[in-house]
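Worksheet: one structure, shown below.
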Amino acid sequence: MSMKIQNAFRLGLFGGLGVLVAVLIGTGIGNLATILTYVGAALFLALGVDPAVSFLEKHKVPRPLAIVTVLTLILAVFAGFIFAIIPVIADQVGNLITQVPKLVEAIGDQKALEEWWATYVNWIEYDDALKNVQDWFTGNLEAITSGVLNTVFTVVGGVFGGLIVLILMLYFVASLGGIKRAIYQLVPASKREKFIDISEQISSSVGRYVVGQVALGACNGVLTFLFLTVLGGILGDPIEYAALLAFIAFLFSLVPLVGTITGSVIITLAVWLFDGPPAVIVVGIWYLVYMQVEAYVLSPNIMNRAVKVPGVVVVIAALAGGTLLGILGALVAIPVAASILIIVKQVIIPRQNEL
């Protein structure tokens, strides 16, 4: 009887220690979540750059020279982007900021605002609505100020995180071959060849996906800039903030499924706010047409060469990734799904067929 009690006590003790260790590991991973996100994003981008290195290697360029060439091109493009695009965007953002006082002044024109209110919102007294708005701002001033400060800190943190990801990506690209060899050595020799084959297929799939997604984003950004520039010339009045809107189109197009439509809505609203009709009507029609072309022509032709994943799996993977890890999760979800499909087809299914 005493032996059973001792065994139960030991089982409970070891079980409690196991739970404690699991909690400590989970807490540690939670504290390192940001760092792990940076590392994952940098590795993801490094795998996207690796196809360019492999392409140069196939053309008899030594790998060290190929890595240096690709990294130099990346840094050159990054520097060119900073010196060519950022000043234009900064100038247009500055112009946007200068328009804010005019908008505030227009809103502050009590007589015109009262006339508009009496015409379109006559079911609510203007003085009552104004008092409610003032009371709301007074009561939520602390929350509004805190929100603005949090937004500033988030933007600064995002810029800092982007620099960290860029630096880590450069290191990963330079040492990707060594990292792969170190991982391959951990696999038993009898299974190493198959493991290497599947790993290379997965890394190649991820790299092609990154290249394909960037190509889609660049296509949207360039076409948006050209369209807005030509539209401004036809209307005789340049579209406000064309370069900034094109940059927004590029960034949002990097996000699968919902990125293009979200960016299109933002750009259309911006054109409506700053340019009005008929420009906003033409821009709205343009994006309705472009989204169809991207969905049925550009995306299938580009992404089918990158990752061959069924449409329903793409939707489920993007939704699940976005729910778990936000934008980064949505970005990596599709290549992760493609990798899982490769493992299922080449490992799990053959084993099931042998049973």
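Numbering starts fresh at 1 for the residues of each chain in the structure tokens, the chains themselves are lettered A, B, ... in the order given, and ligands are numbered from 1 as they appear.
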Open item on the list: At a cut-off of 7 Å, using only C-alpha atoms, what residues contact stretch 230-240 of chain A? Leave out same-chain residues fewer than 2 positions from it and give the result as a PyMOL selection string.
Closed with: chain A and resi 226-228+242+274-275
Task: Using only C-alpha atoms: which of A:Leu257, A:Ile202, A:Val68, A:Ile74 has the shortest distance to A:Val336 - done: A:Ile202
- [ ] Mind checking which residues fall within 10 Å of A:Leu269, counting only C-alpha atoms, ignoring those fewer than 5 positions away in the same chain, and posting them as a VMD selection string?
- [x] chain A and resid 263 to 264 274 to 276 280 283 to 284
Task: stretch 155-170 of chain A environment, 12 Å, only C-alpha atoms, sequence neighbours closer than 2 positions dropped, as a ChimeraX atom specification - done: /A:34-50,67-68,70-75,78,148-153,172-176
Task: Distance query stretch 62-65 of chain A at most 8 Å, only C-alpha atoms, self and fewer than 5 positions along chain excluded, as an MDAnalysis selection string - done: chainID A and resid 53:54 56:57 174
Can you spit out the residues from that selection as a short mmCIF file (atom, residue, chain, number, x, y, z; two decimals), in the first residue's frame, using all heavy atoms?
```
data_model
loop_
_atom_site.label_atom_id
_atom_site.label_comp_id
_atom_site.auth_asym_id
_atom_site.auth_seq_id
_atom_site.Cartn_x
_atom_site.Cartn_y
_atom_site.Cartn_z
N VAL A 53 20.62 34.10 -56.03
CA VAL A 53 21.97 33.56 -55.84
C VAL A 53 22.13 32.25 -56.61
O VAL A 53 23.14 32.02 -57.28
CB VAL A 53 22.26 33.36 -54.34
CG1 VAL A 53 23.63 32.74 -54.13
CG2 VAL A 53 22.18 34.69 -53.59
N SER A 54 21.13 31.39 -56.52
CA SER A 54 21.19 30.11 -57.23
C SER A 54 21.22 30.32 -58.74
O SER A 54 21.90 29.57 -59.46
CB SER A 54 19.97 29.25 -56.85
OG SER A 54 19.95 29.00 -55.46
N LEU A 56 22.61 32.82 -60.35
CA LEU A 56 23.98 33.21 -60.72
C LEU A 56 24.91 32.00 -60.63
O LEU A 56 25.82 31.85 -61.46
CB LEU A 56 24.48 34.33 -59.81
CG LEU A 56 23.77 35.68 -59.98
CD1 LEU A 56 24.33 36.69 -58.97
CD2 LEU A 56 23.94 36.21 -61.39
N GLU A 57 24.67 31.13 -59.62
CA GLU A 57 25.50 29.93 -59.50
C GLU A 57 25.35 29.02 -60.72
O GLU A 57 26.33 28.43 -61.20
CB GLU A 57 25.12 29.17 -58.24
CG GLU A 57 25.71 29.74 -56.97
CD GLU A 57 25.50 28.83 -55.78
OE1 GLU A 57 24.33 28.64 -55.40
OE2 GLU A 57 26.49 28.28 -55.26
N ALA A 174 24.04 35.43 -46.50
CA ALA A 174 25.46 35.10 -46.59
C ALA A 174 25.78 33.73 -46.02
O ALA A 174 26.72 33.06 -46.48
CB ALA A 174 26.28 36.17 -45.86
#
```
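Atom CA of A:Pro256 lies 15.1 Å from atom CA of A:Gly221.
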TODO: Write down as a PyMOL selection string the residues belonging to stretch 174-285 of chain A that are assigned helix (DSSP H, G or I) by DSSP computed on the backbone.
DONE: chain A and resi 174-185+189-235+242-253+259-274+279-285
